[in-house]
Structure formats: C-alpha cells, structure tokens
Amino acid sequence: MTVSPSASTRRRVSFARGGVDASLSRRSPTARSLSLARAIRVSCGREDAVGRRHESLIPLSHGHHHGLVLSLRLRRALADAAPDADVLRQLARTVVAFFESDLAPHFAAEEEGLFPIMEANLGPLDLIAELRGEHERFRAWIEELRRSTTASPSVETLRAFGALLHDHIRKEERVLFPIFEERVPPEEARRAGVAIRERVKARGG
C-alpha cells in the first residue's frame, strides 16, 4: 500500500525546493518580497545597508541578500525536531547548488579581491583570518552534503550551515565592511571594487 505524504510534509518539501511558507504565500507577490527583504535587512542590523554601502562592496552585499534568503529558508524548513528525509535530501541539493552558483564566486571575490587589499593597507586582521576559516568550514560542509544528497543528509549539518551563514554575513555587513569604508584609502577601495567585480563575473556571478 502506498502512503501519501501528509499535507505538512508536502508543504515542507515545496519550501525546500525554493517556495515560501504558508504565511508568506497568502500575501501578494509585492508584499512577500517586501516582507522577506525587510526581514533580511533587519537580520543584518542595517535596514538601509546596501543603499549606504561603498560602491565597491555592493556586489558583495547583493550576494549577502541571497545568502540570507537561503539561511531563512533553512531555518524555517528545519523547524521540526525530526524533518522528513525527502526534505533533508532536497535541502542538501539546494544548498550545494547555491554554493556552486553563488557562494563559491562570492568567497573568491572576498579572498582574492577584498581581503588582500584590506590587509595590504591595514595589516593582518584577526577578523579576516576568522572569516577565511569560516569559508573553509562551509567548503567542508558542502563536501559532506555532496556525498549525502542521495542518502540521508545530516540535519545538524544543514542547521549549522544556515546558522553560520547568517552569522557570517552579519559579521561582514556590520563589522568588516565598516572597517573597509572607514579605513581603506579611496583609490585602494576603488581597486578592490574592480577586483571584486572581475572575480564575480569570471565565475558566473
């Protein structure tokens, strides 16, 4: 006998595939977009962050927006104590695909464009070392998730990925970027912007 998935399971699988939860889906498309965008800006602690950013950092802040969307989706889809196995597999595929299309070029832009120019002008920064270490943690989790997309992905790994992604982005928006804007000389800041855009574009961002 075939057992049909429950309505709640179907909703969670749909959400894992990129949908929105029921409370947002009842709103108009414009209301949903505004609600999600505001939630993301508030989560960074700066509702007008992109509007006030140095132009060199805007591509990275745009990438942060997409990263926070994923973090929010993971948190909502994994709210159950024991998420459905189909939900976990779909979420793992979603996270891996997002890493390849968005996070990998984003990390490259930071590691090859932003961080070196900041360190060349400001000297070694513990914060940048910490952020590089977090990038490596994300890469290790992605390798784990790649191996588990057809088996049983770890709910702990998915939750940890989403939580660190939120905190990592918040740290860059609220701490790293203000340091860049306040302390990197204007010409060097413009040079960083060129390097960031080149790397994002070269990797399909």
# chains A, B, ... in the order shown; residues from 1 in each chain; ligands from 1

call {"tool": "residues_around", "arguments": {"residues": "Pro59 of chain A", "least_positions_apart": "3", "cutoff": "8 Å", "atoms": "only C-alpha atoms", "output": "list in words"}}
result
Ser56, His62, Gly63, Ile196 and Arg197 of chain A

call {"tool": "residues_around", "arguments": {"residues": "segment 121-138 of chain A", "least_positions_apart": "5", "cutoff": "9 Å", "atoms": "only C-alpha atoms", "output": "JSON, numbers by chain"}}
result
{"A": [99, 107, 111, 115, 116, 143, 161, 164, 165, 168, 171, 172, 175, 176, 183, 184, 185, 188]}

call {"tool": "atom_distance", "arguments": {"atom1": "atom CA of Glu144 of chain A", "atom2": "atom CA of His64 of chain A"}}
result
22.9 Å

call {"tool": "closest_residue", "arguments": {"among": "A:Ile169, A:Met118, A:Ile142, A:Val200", "to": "Pro186 of chain A", "atoms": "only C-alpha atoms"}}
result
A:Met118

call {"tool": "atom_distance", "arguments": {"atom1": "atom CA of Arg159 of chain A", "atom2": "atom CA of Ala82 of chain A"}}
result
12.0 Å

call {"tool": "atom_distance", "arguments": {"atom1": "atom CA of Ala104 of chain A", "atom2": "atom CA of Arg139 of chain A"}}
result
8.7 Å

call {"tool": "closest_residue", "arguments": {"among": "A:Arg52, A:Arg191, A:Arg146, A:Arg199", "to": "Thr94 of chain A", "atoms": "only C-alpha atoms"}}
result
A:Arg146

call {"tool": "residues_around", "arguments": {"residues": "Arg75 of chain A", "least_positions_apart": "4", "cutoff": "12 Å", "atoms": "only C-alpha atoms", "output": "PyMOL selection string"}}
result
chain A and resi 12+15-16+21+68-71+79-81+83+91+155-156+158-166
